[in-house]
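Structure file my_file23.pdb with PDB, C-alpha atoms, pLDDT in the B column:
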MODEL        1
ATOM      1  CA  MET P  25     258.401 -86.749 246.546  1.00 42.00           C
ATOM      2  CA  MET P  26     258.475 -90.514 246.666  1.00 44.00           C
ATOM      3  CA  PRO P  27     256.871 -92.243 243.667  1.00 42.00           C
ATOM      4  CA  HIS P  28     253.315 -93.253 244.424  1.00 44.00           C
ATOM      5  CA  ASP P  29     250.218 -94.554 242.704  1.00 42.00           C
ATOM      6  CA  GLN P  30     246.714 -93.395 243.403  1.00 41.00           C
ATOM      7  CA  ALA P  31     244.069 -96.055 243.869  1.00 41.00           C
ATOM      8  CA  PRO P  32     240.758 -94.220 244.250  1.00 42.00           C
ATOM      9  CA  GLU P  33     238.719 -97.411 244.462  1.00 45.00           C
ATOM     10  CA  HIS P  34     239.895-100.462 246.394  1.00 53.00           C
ATOM     11  CA  GLU P  35     237.899-102.716 244.071  1.00 56.00           C
ATOM     12  CA  TYR P  36     240.406-102.063 241.306  1.00 61.00           C
ATOM     13  CA  GLU P  37     243.442-103.195 243.267  1.00 66.00           C
ATOM     14  CA  ALA P  38     245.315-106.205 241.951  1.00 63.00           C
ATOM     15  CA  ARG P  39     245.149-107.461 245.542  1.00 76.00           C
ATOM     16  CA  PRO P  40     244.348-105.667 248.806  1.00 80.00           C
ATOM     17  CA  GLY P  41     246.915-102.939 249.413  1.00 82.00           C
ATOM     18  CA  LEU P  42     248.640-103.307 246.031  1.00 86.00           C
ATOM     19  CA  PRO P  43     247.462-101.324 242.993  1.00 83.00           C
ATOM     20  CA  GLU P  44     249.438-103.579 240.634  1.00 86.00           C
ATOM     21  CA  PRO P  45     250.553-107.225 240.657  1.00 87.00           C
ATOM     22  CA  LEU P  46     254.017-107.804 242.084  1.00 90.00           C
ATOM     23  CA  PRO P  47     256.754-107.877 239.430  1.00 90.00           C
ATOM     24  CA  PRO P  48     258.231-111.291 238.602  1.00 92.00           C
ATOM     25  CA  GLY P  49     260.690-112.363 241.280  1.00 91.00           C
ATOM     26  CA  GLU P  50     259.315-110.104 244.038  1.00 92.00           C
ATOM     27  CA  ARG P  51     257.896-111.976 247.039  1.00 93.00           C
ATOM     28  CA  LEU P  52     255.164-110.877 249.428  1.00 94.00           C
ATOM     29  CA  LEU P  53     256.447-111.342 252.994  1.00 95.00           C
ATOM     30  CA  TRP P  54     253.779-109.738 255.193  1.00 96.00           C
ATOM     31  CA  GLN P  55     250.617-107.697 254.962  1.00 95.00           C
ATOM     32  CA  GLY P  56     248.448-106.194 257.665  1.00 95.00           C
ATOM     33  CA  SER P  57     246.513-103.202 258.968  1.00 95.00           C
ATOM     34  CA  PRO P  58     246.516-101.108 262.145  1.00 97.00           C
ATOM     35  CA  ASN P  59     244.446-102.252 265.094  1.00 96.00           C
ATOM     36  CA  TRP P  60     241.748 -99.623 265.542  1.00 96.00           C
ATOM     37  CA  ARG P  61     241.687 -99.912 269.328  1.00 96.00           C
ATOM     38  CA  VAL P  62     245.436 -99.347 269.525  1.00 96.00           C
ATOM     39  CA  MET P  63     245.058 -96.522 267.000  1.00 97.00           C
ATOM     40  CA  ALA P  64     242.392 -94.873 269.158  1.00 96.00           C
ATOM     41  CA  ARG P  65     244.420 -95.288 272.350  1.00 95.00           C
ATOM     42  CA  GLU P  66     247.927 -94.436 271.170  1.00 94.00           C
ATOM     43  CA  VAL P  67     247.423 -92.186 268.136  1.00 94.00           C
ATOM     44  CA  MET P  68     244.150 -90.401 268.922  1.00 95.00           C
ATOM     45  CA  HIS P  69     245.006 -90.392 272.677  1.00 94.00           C
ATOM     46  CA  LEU P  70     241.468 -91.425 273.512  1.00 94.00           C
ATOM     47  CA  ARG P  71     242.413 -92.763 276.940  1.00 93.00           C
ATOM     48  CA  TRP P  72     243.942 -89.455 278.039  1.00 94.00           C
ATOM     49  CA  LEU P  73     241.035 -87.481 276.631  1.00 95.00           C
ATOM     50  CA  CYS P  74     238.594 -89.646 278.581  1.00 95.00           C
ATOM     51  CA  ALA P  75     240.507 -88.828 281.760  1.00 95.00           C
ATOM     52  CA  TYR P  76     240.609 -85.129 280.832  1.00 95.00           C
ATOM     53  CA  PHE P  77     236.850 -84.903 280.278  1.00 94.00           C
ATOM     54  CA  ALA P  78     236.176 -86.882 283.456  1.00 94.00           C
ATOM     55  CA  VAL P  79     238.251 -84.420 285.485  1.00 95.00           C
ATOM     56  CA  LEU P  80     236.575 -81.490 283.735  1.00 93.00           C
ATOM     57  CA  LEU P  81     233.087 -82.806 284.519  1.00 92.00           C
ATOM     58  CA  CYS P  82     233.997 -83.488 288.141  1.00 94.00           C
ATOM     59  CA  TRP P  83     235.475 -80.019 288.525  1.00 93.00           C
ATOM     60  CA  ARG P  84     232.317 -78.472 287.057  1.00 90.00           C
ATOM     61  CA  ALA P  85     230.090 -80.462 289.413  1.00 91.00           C
ATOM     62  CA  VAL P  86     232.183 -79.555 292.468  1.00 92.00           C
ATOM     63  CA  ALA P  87     232.256 -75.883 291.466  1.00 90.00           C
ATOM     64  CA  VAL P  88     228.477 -75.703 291.131  1.00 88.00           C
ATOM     65  CA  ALA P  89     227.884 -77.605 294.371  1.00 88.00           C
ATOM     66  CA  GLY P  90     230.471 -75.521 296.220  1.00 87.00           C
ATOM     67  CA  SER P  91     228.754 -72.286 295.216  1.00 87.00           C
ATOM     68  CA  GLY P  92     225.550 -73.411 296.918  1.00 84.00           C
ATOM     69  CA  GLY P  93     223.898 -75.143 293.997  1.00 82.00           C
ATOM     70  CA  THR P  94     221.453 -77.972 294.472  1.00 85.00           C
ATOM     71  CA  LEU P  95     221.660 -81.431 292.915  1.00 87.00           C
ATOM     72  CA  LEU P  96     219.379 -80.197 290.145  1.00 88.00           C
ATOM     73  CA  ASP P  97     221.775 -77.306 289.473  1.00 83.00           C
ATOM     74  CA  VAL P  98     224.679 -79.764 289.182  1.00 86.00           C
ATOM     75  CA  VAL P  99     222.738 -81.942 286.737  1.00 88.00           C
ATOM     76  CA  GLN P 100     221.791 -78.937 284.638  1.00 87.00           C
ATOM     77  CA  ALA P 101     225.394 -77.693 284.607  1.00 84.00           C
ATOM     78  CA  LEU P 102     226.590 -81.051 283.286  1.00 90.00           C
ATOM     79  CA  ALA P 103     223.690 -81.532 280.875  1.00 89.00           C
ATOM     80  CA  TRP P 104     225.315 -79.508 278.091  1.00 85.00           C
ATOM     81  CA  LEU P 105     228.950 -80.412 278.773  1.00 89.00           C
ATOM     82  CA  THR P 106     228.556 -84.207 278.875  1.00 92.00           C
ATOM     83  CA  PRO P 107     227.103 -84.604 275.332  1.00 93.00           C
ATOM     84  CA  LEU P 108     229.900 -82.453 273.920  1.00 92.00           C
ATOM     85  CA  ALA P 109     232.523 -84.631 275.594  1.00 94.00           C
ATOM     86  CA  LEU P 110     230.886 -87.817 274.343  1.00 95.00           C
ATOM     87  CA  LEU P 111     230.614 -86.372 270.839  1.00 96.00           C
ATOM     88  CA  ALA P 112     234.305 -85.489 270.754  1.00 95.00           C
ATOM     89  CA  LEU P 113     235.318 -88.939 271.991  1.00 96.00           C
ATOM     90  CA  GLY P 114     232.962 -90.593 269.511  1.00 96.00           C
ATOM     91  CA  VAL P 115     234.379 -88.641 266.565  1.00 96.00           C
ATOM     92  CA  LEU P 116     237.932 -89.628 267.482  1.00 96.00           C
ATOM     93  CA  GLY P 117     236.925 -93.260 267.937  1.00 96.00           C
ATOM     94  CA  VAL P 118     235.221 -93.381 264.542  1.00 97.00           C
ATOM     95  CA  THR P 119     238.223 -91.661 262.963  1.00 96.00           C
ATOM     96  CA  ALA P 120     240.548 -94.300 264.417  1.00 97.00           C
ATOM     97  CA  TRP P 121     238.300 -97.056 263.066  1.00 97.00           C
ATOM     98  CA  LEU P 122     238.131 -95.531 259.579  1.00 96.00           C
ATOM     99  CA  VAL P 123     241.898 -94.916 259.425  1.00 96.00           C
ATOM    100  CA  SER P 124     242.609 -98.502 260.463  1.00 96.00           C
ATOM    101  CA  ARG P 125     239.999 -99.988 258.148  1.00 94.00           C
ATOM    102  CA  THR P 126     241.304 -98.197 255.054  1.00 94.00           C
ATOM    103  CA  ALA P 127     245.056 -98.667 255.689  1.00 96.00           C
ATOM    104  CA  VAL P 128     247.000-101.671 254.428  1.00 96.00           C
ATOM    105  CA  TYR P 129     250.736-102.125 255.001  1.00 97.00           C
ATOM    106  CA  THR P 130     252.706-104.510 252.792  1.00 96.00           C
ATOM    107  CA  ILE P 131     256.271-105.745 253.136  1.00 96.00           C
ATOM    108  CA  THR P 132     257.960-107.541 250.256  1.00 95.00           C
ATOM    109  CA  ASP P 133     261.567-108.579 249.784  1.00 93.00           C
ATOM    110  CA  ARG P 134     262.192-105.313 247.907  1.00 94.00           C
ATOM    111  CA  ARG P 135     260.035-102.567 249.422  1.00 95.00           C
ATOM    112  CA  VAL P 136     257.438-101.381 251.898  1.00 96.00           C
ATOM    113  CA  VAL P 137     254.056-100.399 250.466  1.00 95.00           C
ATOM    114  CA  MET P 138     251.596 -98.178 252.352  1.00 96.00           C
ATOM    115  CA  ARG P 139     248.050 -97.865 251.083  1.00 95.00           C
ATOM    116  CA  ILE P 140     246.458 -95.161 253.230  1.00 95.00           C
ATOM    117  CA  GLY P 141     243.698 -92.572 253.079  1.00 92.00           C
ATOM    118  CA  VAL P 142     240.076 -92.468 254.241  1.00 90.00           C
ATOM    119  CA  VAL P 143     238.580 -90.205 251.563  1.00 87.00           C
ATOM    120  CA  LEU P 144     241.268 -90.415 248.863  1.00 87.00           C
ATOM    121  CA  SER P 145     243.263 -93.637 248.870  1.00 89.00           C
ATOM    122  CA  VAL P 146     246.941 -93.249 247.959  1.00 92.00           C
ATOM    123  CA  THR P 147     249.611 -95.941 247.743  1.00 93.00           C
ATOM    124  CA  TYR P 148     253.233 -95.119 248.591  1.00 94.00           C
ATOM    125  CA  ASN P 149     256.009 -97.430 247.401  1.00 94.00           C
ATOM    126  CA  LEU P 150     259.105 -97.206 249.607  1.00 94.00           C
ATOM    127  CA  PRO P 151     261.976 -99.216 248.081  1.00 94.00           C
ATOM    128  CA  TYR P 152     264.622-100.497 250.478  1.00 94.00           C
ATOM    129  CA  SER P 153     267.187 -98.424 248.596  1.00 91.00           C
ATOM    130  CA  LYS P 154     265.353 -95.295 249.817  1.00 92.00           C
ATOM    131  CA  ILE P 155     265.116 -96.411 253.471  1.00 93.00           C
ATOM    132  CA  GLU P 156     268.150 -95.311 255.505  1.00 90.00           C
ATOM    133  CA  SER P 157     267.068 -96.909 258.773  1.00 89.00           C
ATOM    134  CA  ALA P 158     264.050 -98.150 260.693  1.00 91.00           C
ATOM    135  CA  GLY P 159     262.992 -97.983 264.330  1.00 92.00           C
ATOM    136  CA  LEU P 160     260.544 -99.791 266.598  1.00 94.00           C
ATOM    137  CA  ARG P 161     258.422 -98.274 269.376  1.00 94.00           C
ATOM    138  CA  LEU P 162     256.695-100.865 271.552  1.00 94.00           C
ATOM    139  CA  ASN P 163     253.688-100.453 273.831  1.00 94.00           C
ATOM    140  CA  ALA P 164     253.137-102.410 277.031  1.00 92.00           C
ATOM    141  CA  ASP P 165     250.682-104.798 275.347  1.00 92.00           C
ATOM    142  CA  GLY P 166     253.118-105.774 272.579  1.00 92.00           C
ATOM    143  CA  SER P 167     251.624-103.513 269.944  1.00 95.00           C
ATOM    144  CA  GLY P 168     253.743-100.758 268.451  1.00 95.00           C
ATOM    145  CA  ASP P 169     254.860 -98.590 265.556  1.00 96.00           C
ATOM    146  CA  LEU P 170     257.575 -99.028 262.940  1.00 96.00           C
ATOM    147  CA  THR P 171     259.310 -95.843 261.798  1.00 95.00           C
ATOM    148  CA  LEU P 172     260.971 -95.612 258.380  1.00 95.00           C
ATOM    149  CA  VAL P 173     263.712 -93.001 257.960  1.00 93.00           C
ATOM    150  CA  LEU P 174     263.927 -92.121 254.279  1.00 92.00           C
ATOM    151  CA  ASP P 175     266.789 -90.773 252.248  1.00 88.00           C
ATOM    152  CA  HIS P 176     266.930 -86.989 252.683  1.00 81.00           C
ATOM    153  CA  ALA P 177     266.476 -86.571 248.938  1.00 79.00           C
ATOM    154  CA  ASP P 178     262.959 -87.987 249.266  1.00 78.00           C
ATOM    155  CA  HIS P 179     260.138 -86.252 251.095  1.00 85.00           C
ATOM    156  CA  ILE P 180     256.420 -86.872 251.565  1.00 90.00           C
ATOM    157  CA  ALA P 181     254.240 -84.080 252.933  1.00 92.00           C
ATOM    158  CA  TYR P 182     253.253 -84.519 256.581  1.00 94.00           C
ATOM    159  CA  ALA P 183     249.579 -83.882 255.837  1.00 92.00           C
ATOM    160  CA  HIS P 184     249.580 -86.569 253.142  1.00 92.00           C
ATOM    161  CA  LEU P 185     250.861 -89.197 255.571  1.00 94.00           C
ATOM    162  CA  TRP P 186     249.015 -88.321 258.803  1.00 94.00           C
ATOM    163  CA  PRO P 187     248.453 -90.243 260.988  1.00 95.00           C
ATOM    164  CA  HIS P 188     250.878 -92.738 259.437  1.00 96.00           C
ATOM    165  CA  VAL P 189     253.840 -90.496 260.223  1.00 95.00           C
ATOM    166  CA  ARG P 190     256.140 -89.841 263.170  1.00 94.00           C
ATOM    167  CA  PRO P 191     254.658 -86.973 265.207  1.00 93.00           C
ATOM    168  CA  TRP P 192     256.220 -83.511 264.987  1.00 90.00           C
ATOM    169  CA  HIS P 193     258.822 -84.448 262.361  1.00 91.00           C
ATOM    170  CA  LEU P 194     257.605 -81.888 259.864  1.00 88.00           C
ATOM    171  CA  ARG P 195     260.721 -80.904 257.945  1.00 86.00           C
ATOM    172  CA  HIS P 196     261.859 -84.431 257.145  1.00 91.00           C
ATOM    173  CA  THR P 197     258.853 -86.682 257.554  1.00 93.00           C
ATOM    174  CA  GLU P 198     259.238 -90.290 258.672  1.00 95.00           C
ATOM    175  CA  PRO P 199     256.471 -92.672 257.559  1.00 96.00           C
ATOM    176  CA  MET P 200     255.188 -95.047 260.239  1.00 96.00           C
ATOM    177  CA  LEU P 201     253.456 -98.398 260.208  1.00 97.00           C
ATOM    178  CA  ARG P 202     251.167 -97.628 263.127  1.00 97.00           C
ATOM    179  CA  ALA P 203     249.270 -99.608 265.750  1.00 96.00           C
ATOM    180  CA  LEU P 204     250.589-103.007 264.688  1.00 96.00           C
ATOM    181  CA  PRO P 205     249.229-105.739 266.989  1.00 94.00           C
ATOM    182  CA  GLN P 206     252.414-107.850 266.733  1.00 91.00           C
ATOM    183  CA  ALA P 207     254.956-105.131 266.156  1.00 94.00           C
ATOM    184  CA  ARG P 208     258.024-107.073 267.316  1.00 94.00           C
ATOM    185  CA  GLN P 209     257.485-109.898 264.816  1.00 95.00           C
ATOM    186  CA  VAL P 210     256.900-107.471 261.944  1.00 95.00           C
ATOM    187  CA  ALA P 211     260.006-105.503 262.960  1.00 94.00           C
ATOM    188  CA  ALA P 212     262.123-108.673 262.923  1.00 94.00           C
ATOM    189  CA  LEU P 213     260.837-109.521 259.439  1.00 94.00           C
ATOM    190  CA  LEU P 214     261.578-106.023 258.154  1.00 94.00           C
ATOM    191  CA  ALA P 215     265.054-106.033 259.724  1.00 93.00           C
ATOM    192  CA  THR P 216     265.885-109.316 258.001  1.00 93.00           C
ATOM    193  CA  SER P 217     264.603-108.029 254.656  1.00 92.00           C
ATOM    194  CA  LEU P 218     266.591-104.789 254.936  1.00 91.00           C
ATOM    195  CA  ALA P 219     269.742-106.725 255.848  1.00 90.00           C
ATOM    196  CA  ASP P 220     269.252-109.136 252.947  1.00 87.00           C
ATOM    197  CA  SER P 221     268.679-106.222 250.574  1.00 83.00           C
ATOM    198  CA  ALA P 222     271.857-104.477 251.778  1.00 77.00           C
ATOM    199  CA  GLY P 223     273.803-107.729 251.440  1.00 70.00           C
ATOM    200  CA  MET P 224     272.668-108.229 247.847  1.00 60.00           C
ATOM    201  CA  ALA P 225     273.638-104.642 247.031  1.00 57.00           C
ATOM    202  CA  ARG P 226     277.128-105.199 248.459  1.00 54.00           C
ATOM    203  CA  ALA P 227     277.459-108.412 246.448  1.00 56.00           C
ATOM    204  CA  ALA P 228     276.467-106.575 243.280  1.00 52.00           C
ATOM    205  CA  LEU P 229     279.207-104.007 243.882  1.00 46.00           C
ATOM    206  CA  ALA P 230     281.798-106.794 243.865  1.00 50.00           C
ATOM    207  CA  VAL P 231     280.908-107.801 240.292  1.00 45.00           C
ATOM    208  CA  PRO P 232     283.294-106.256 237.692  1.00 45.00           C
ATOM    209  CA  ALA P 233     281.803-103.352 235.759  1.00 42.00           C
ATOM    210  CA  THR P 234     282.402-105.199 232.489  1.00 41.00           C
ATOM    211  CA  ALA P 235     280.209-108.048 233.643  1.00 39.00           C
ATOM    212  CA  ARG P 236     277.256-106.003 234.896  1.00 43.00           C
ATOM    213  CA  PRO P 237     276.693-102.408 236.062  1.00 42.00           C
ATOM    214  CA  ALA P 238     276.931-101.992 239.813  1.00 42.00           C
ATOM    215  CA  PRO P 239     274.074-100.215 241.593  1.00 44.00           C
ATOM    216  CA  ALA P 240     274.687 -97.464 244.110  1.00 43.00           C
ATOM    217  CA  ALA P 241     275.753 -98.580 247.555  1.00 43.00           C
ATOM    218  CA  PRO P 242     273.043 -98.340 250.229  1.00 43.00           C
ATOM    219  CA  SER P 243     273.078 -95.262 252.394  1.00 44.00           C
ATOM    220  CA  PRO P 244     274.483 -95.671 255.912  1.00 43.00           C
ATOM    221  CA  GLN P 245     271.924 -96.057 258.635  1.00 43.00           C
ATOM    222  CA  ASN P 246     271.102 -93.203 260.945  1.00 41.00           C
ATOM    223  CA  PRO P 247     271.667 -93.634 264.703  1.00 36.00           C
ATOM    224  CA  ALA P 248     268.745 -94.749 266.797  1.00 36.00           C
ATOM    225  CA  THR P 249     266.276 -91.977 267.502  1.00 39.00           C
ATOM    226  CA  GLN P 250     264.883 -91.083 270.902  1.00 41.00           C
ATOM    227  CA  ASN P 251     262.235 -93.448 272.314  1.00 54.00           C
ATOM    228  CA  GLN P 252     262.800 -95.902 269.492  1.00 63.00           C
ATOM    229  CA  HIS P 253     264.931 -98.980 269.009  1.00 61.00           C
ATOM    230  CA  PRO P 254     266.800 -99.472 265.731  1.00 64.00           C
ATOM    231  CA  LEU P 255     265.893-102.678 263.973  1.00 64.00           C
ATOM    232  CA  ALA P 256     268.500-105.397 263.927  1.00 45.00           C
ATOM    233  CA  ALA P 257     268.492-108.455 261.769  1.00 39.00           C
TER     234      ALA P 257
ENDMDL
END

Could I get this file's structure written as structure tokens?
Amino acid sequence: MMPHDQAPEHEYEARPGLPEPLPPGERLLWQGSPNWRVMAREVMHLRWLCAYFAVLLCWRAVAVAGSGGTLLDVVQALAWLTPLALLALGVLGVTAWLVSRTAVYTITDRRVVMRIGVVLSVTYNLPYSKIESAGLRLNADGSGDLTLVLDHADHIAYAHLWPHVRPWHLRHTEPMLRALPQARQVAALLATSLADSAGMARAALAVPATARPAPAAPSPQNPATQNQHPLAA
């Protein structure tokens, strides 16, 4: 399990998204939250569900009318199904809004921090030394998701991360910064930070052991995964 801090009340955060002040020398590079409309559309699949319920209602109306029913029969047949469809869509929309409102993503020059959770707020610190690679998935409107592939020695439960996790990767979960309005710019910033971090690690390895202890070399990056683009500095 990755190290994490629990922050049950946002009022006690040192600053939004960070349970403690940044250590001396660490710089805040970017901070943001998911866009709830993008979250509803891409993560909760609200657009497809709207189409599904529309087709279902039309099919029900045609079936009743085709069996000899009157207009009143059609209205009565839809009277109980329509509220259920609207309720389901409303619940998913509210869920997307709550998830986006309570999530804060932070990128510093040393780590990625994810403060997530609607009922219980939890903060995950993901140091660059634990991130093997990162990927970008863009939507047509420029929004998108950033995927973080962690070292295989570290694992966060899928249920703890959802929906801030790559779908269906249950065995080795991959945290995601989801529904970012300007995903390409954030990806470029993260790519530069990861490259700088790897460069500093390589420079530290060149220092003689008698002068200072050398940290472990960064893990090699994984190949690009399907439907995602690996970040490049």

Exercise for the section: Would you mind reading off the distance between atom CA of Glu44 of chain P and atom CA of Pro205 of chain P, one decimal, in Å? Expected result: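 Atom CA of Pro205 of chain P lies 26.4 Å from atom CA of Glu44 of chain P.
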
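Rounded to one decimal, atom CA of Leu42 of chain P and atom CA of Val115 of chain P lie 29.0 Å from each other.
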
Exercise for the section: Using atom CA of Leu204 of chain P and atom CA of Ser57 of chain P as the two end points, give the distance in Å to one decimal. Expected result: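 A separation of 7.0 Å between them.
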
Practice task
Find, counting only C-alpha atoms, the residue in P:Ser167, P:Arg134, P:Arg208, P:Leu116 that gets nearest to Leu73 of chain P.
Solution key: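 The closest residue to Leu73 of chain P is P:Leu116.
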
Could you name the residues that touch Thr197 of chain P at 10 Å or less, counting all atoms listed in the file, but leaving out those on the same chain fewer than 5 positions away, as an mmCIF file with C-alpha atoms, keeping the file's coordinate frame?
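The result, stored in selection-v6.cif:
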data_model
loop_
_atom_site.group_PDB
_atom_site.id
_atom_site.type_symbol
_atom_site.label_atom_id
_atom_site.label_comp_id
_atom_site.auth_asym_id
_atom_site.auth_seq_id
_atom_site.Cartn_x
_atom_site.Cartn_y
_atom_site.Cartn_z
ATOM 1 C CA LEU P 172 260.971 -95.612 258.380
ATOM 2 C CA VAL P 173 263.712 -93.001 257.960
ATOM 3 C CA LEU P 174 263.927 -92.121 254.279
ATOM 4 C CA HIS P 176 266.930 -86.989 252.683
ATOM 5 C CA ASP P 178 262.959 -87.987 249.266
ATOM 6 C CA HIS P 179 260.138 -86.252 251.095
ATOM 7 C CA ILE P 180 256.420 -86.872 251.565
ATOM 8 C CA ALA P 181 254.240 -84.080 252.933
ATOM 9 C CA TYR P 182 253.253 -84.519 256.581
ATOM 10 C CA ALA P 183 249.579 -83.882 255.837
ATOM 11 C CA LEU P 185 250.861 -89.197 255.571
ATOM 12 C CA VAL P 189 253.840 -90.496 260.223
ATOM 13 C CA ARG P 190 256.140 -89.841 263.170
ATOM 14 C CA PRO P 191 254.658 -86.973 265.207
ATOM 15 C CA TRP P 192 256.220 -83.511 264.987
#

Practice task
Name the residues captured by the PyMOL selection byres ((chain P and resi 131) around 12) when it is applied to the shown file; answer as a PyMOL selection string.
Solution key: chain P and resi 41-42+46+50-57+128-130+132-139+148-152+170+201+210-218

Exercise for the section: Within 7 Å of (229.4, -77.4, 285.7) (coordinates as in the file), grab all the protein and nucleic acid residues, counting only C-alpha atoms, and write them out as a list in words. Expected result: Leu81, Arg84, Ala85, Ala87, Val88, Val98, Ala101 and Leu102 of chain P

Practice task
Would you list the contacts of Asp169 of chain P as a PyMOL selection string, taking every protein, DNA or RNA residue within 6 Å and counting all atoms listed in the file, but skipping same-chain residues closer than 2 positions in sequence?
Solution key: chain P and resi 160-161+201-203

Handout entry: Closest of P:Ala109, P:Ala219, P:Ala207, P:Ala64 to Asp165 of chain P - atom-to-atom distances counting all atoms listed in the file
Key =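 Comparing P:Ala109, P:Ala219, P:Ala207, P:Ala64 against Asp165 of chain P, the winner is P:Ala207.
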
Exercise for the section: Might you spell out which residues the PyMOL selection byres ((chain P and resi 112) around 12) would select in the displayed file, as number ranges by chain? Expected result: P: 68-70, 73-74, 76-77, 105-111, 113-119

List every protein, DNA or RNA residue that has at least one atom no more than 10 Å from (241.2, -96.6, 255.5) in the file's coordinates, counting all atoms listed in the file, and write the result as a PDB file with C-alpha atoms, in the frame of the given file.
ATOM      1  CA  HIS P  34     239.895-100.462 246.394  1.00 53.00           C
ATOM      2  CA  SER P  57     246.513-103.202 258.968  1.00 95.00           C
ATOM      3  CA  PRO P  58     246.516-101.108 262.145  1.00 97.00           C
ATOM      4  CA  THR P 119     238.223 -91.661 262.963  1.00 96.00           C
ATOM      5  CA  ALA P 120     240.548 -94.300 264.417  1.00 97.00           C
ATOM      6  CA  TRP P 121     238.300 -97.056 263.066  1.00 97.00           C
ATOM      7  CA  LEU P 122     238.131 -95.531 259.579  1.00 96.00           C
ATOM      8  CA  VAL P 123     241.898 -94.916 259.425  1.00 96.00           C
ATOM      9  CA  SER P 124     242.609 -98.502 260.463  1.00 96.00           C
ATOM     10  CA  ARG P 125     239.999 -99.988 258.148  1.00 94.00           C
ATOM     11  CA  THR P 126     241.304 -98.197 255.054  1.00 94.00           C
ATOM     12  CA  ALA P 127     245.056 -98.667 255.689  1.00 96.00           C
ATOM     13  CA  VAL P 128     247.000-101.671 254.428  1.00 96.00           C
ATOM     14  CA  ARG P 139     248.050 -97.865 251.083  1.00 95.00           C
ATOM     15  CA  ILE P 140     246.458 -95.161 253.230  1.00 95.00           C
ATOM     16  CA  GLY P 141     243.698 -92.572 253.079  1.00 92.00           C
ATOM     17  CA  VAL P 142     240.076 -92.468 254.241  1.00 90.00           C
ATOM     18  CA  VAL P 143     238.580 -90.205 251.563  1.00 87.00           C
ATOM     19  CA  LEU P 144     241.268 -90.415 248.863  1.00 87.00           C
ATOM     20  CA  SER P 145     243.263 -93.637 248.870  1.00 89.00           C
TER      21      SER P 145
END

Problem - Closest of P:Pro43, P:Gly223, P:Pro48, P:Pro199 to Pro187 of chain P - atom-to-atom distances counting only C-alpha atoms - result: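 Among the listed residues, the smallest separation from Pro187 of chain P belongs to P:Pro199.
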
Step by step, gather every atom of segment 99-103 of chain P that the file lists, find the box along x, y and z that holds them, add 8 Å on each side, and finally give centre and edge lengths in Å to one decimal, as AutoDock Vina command-line options.
--center_x 224.2 --center_y -79.8 --center_z 283.8 --size_x 20.8 --size_y 20.2 --size_z 21.9
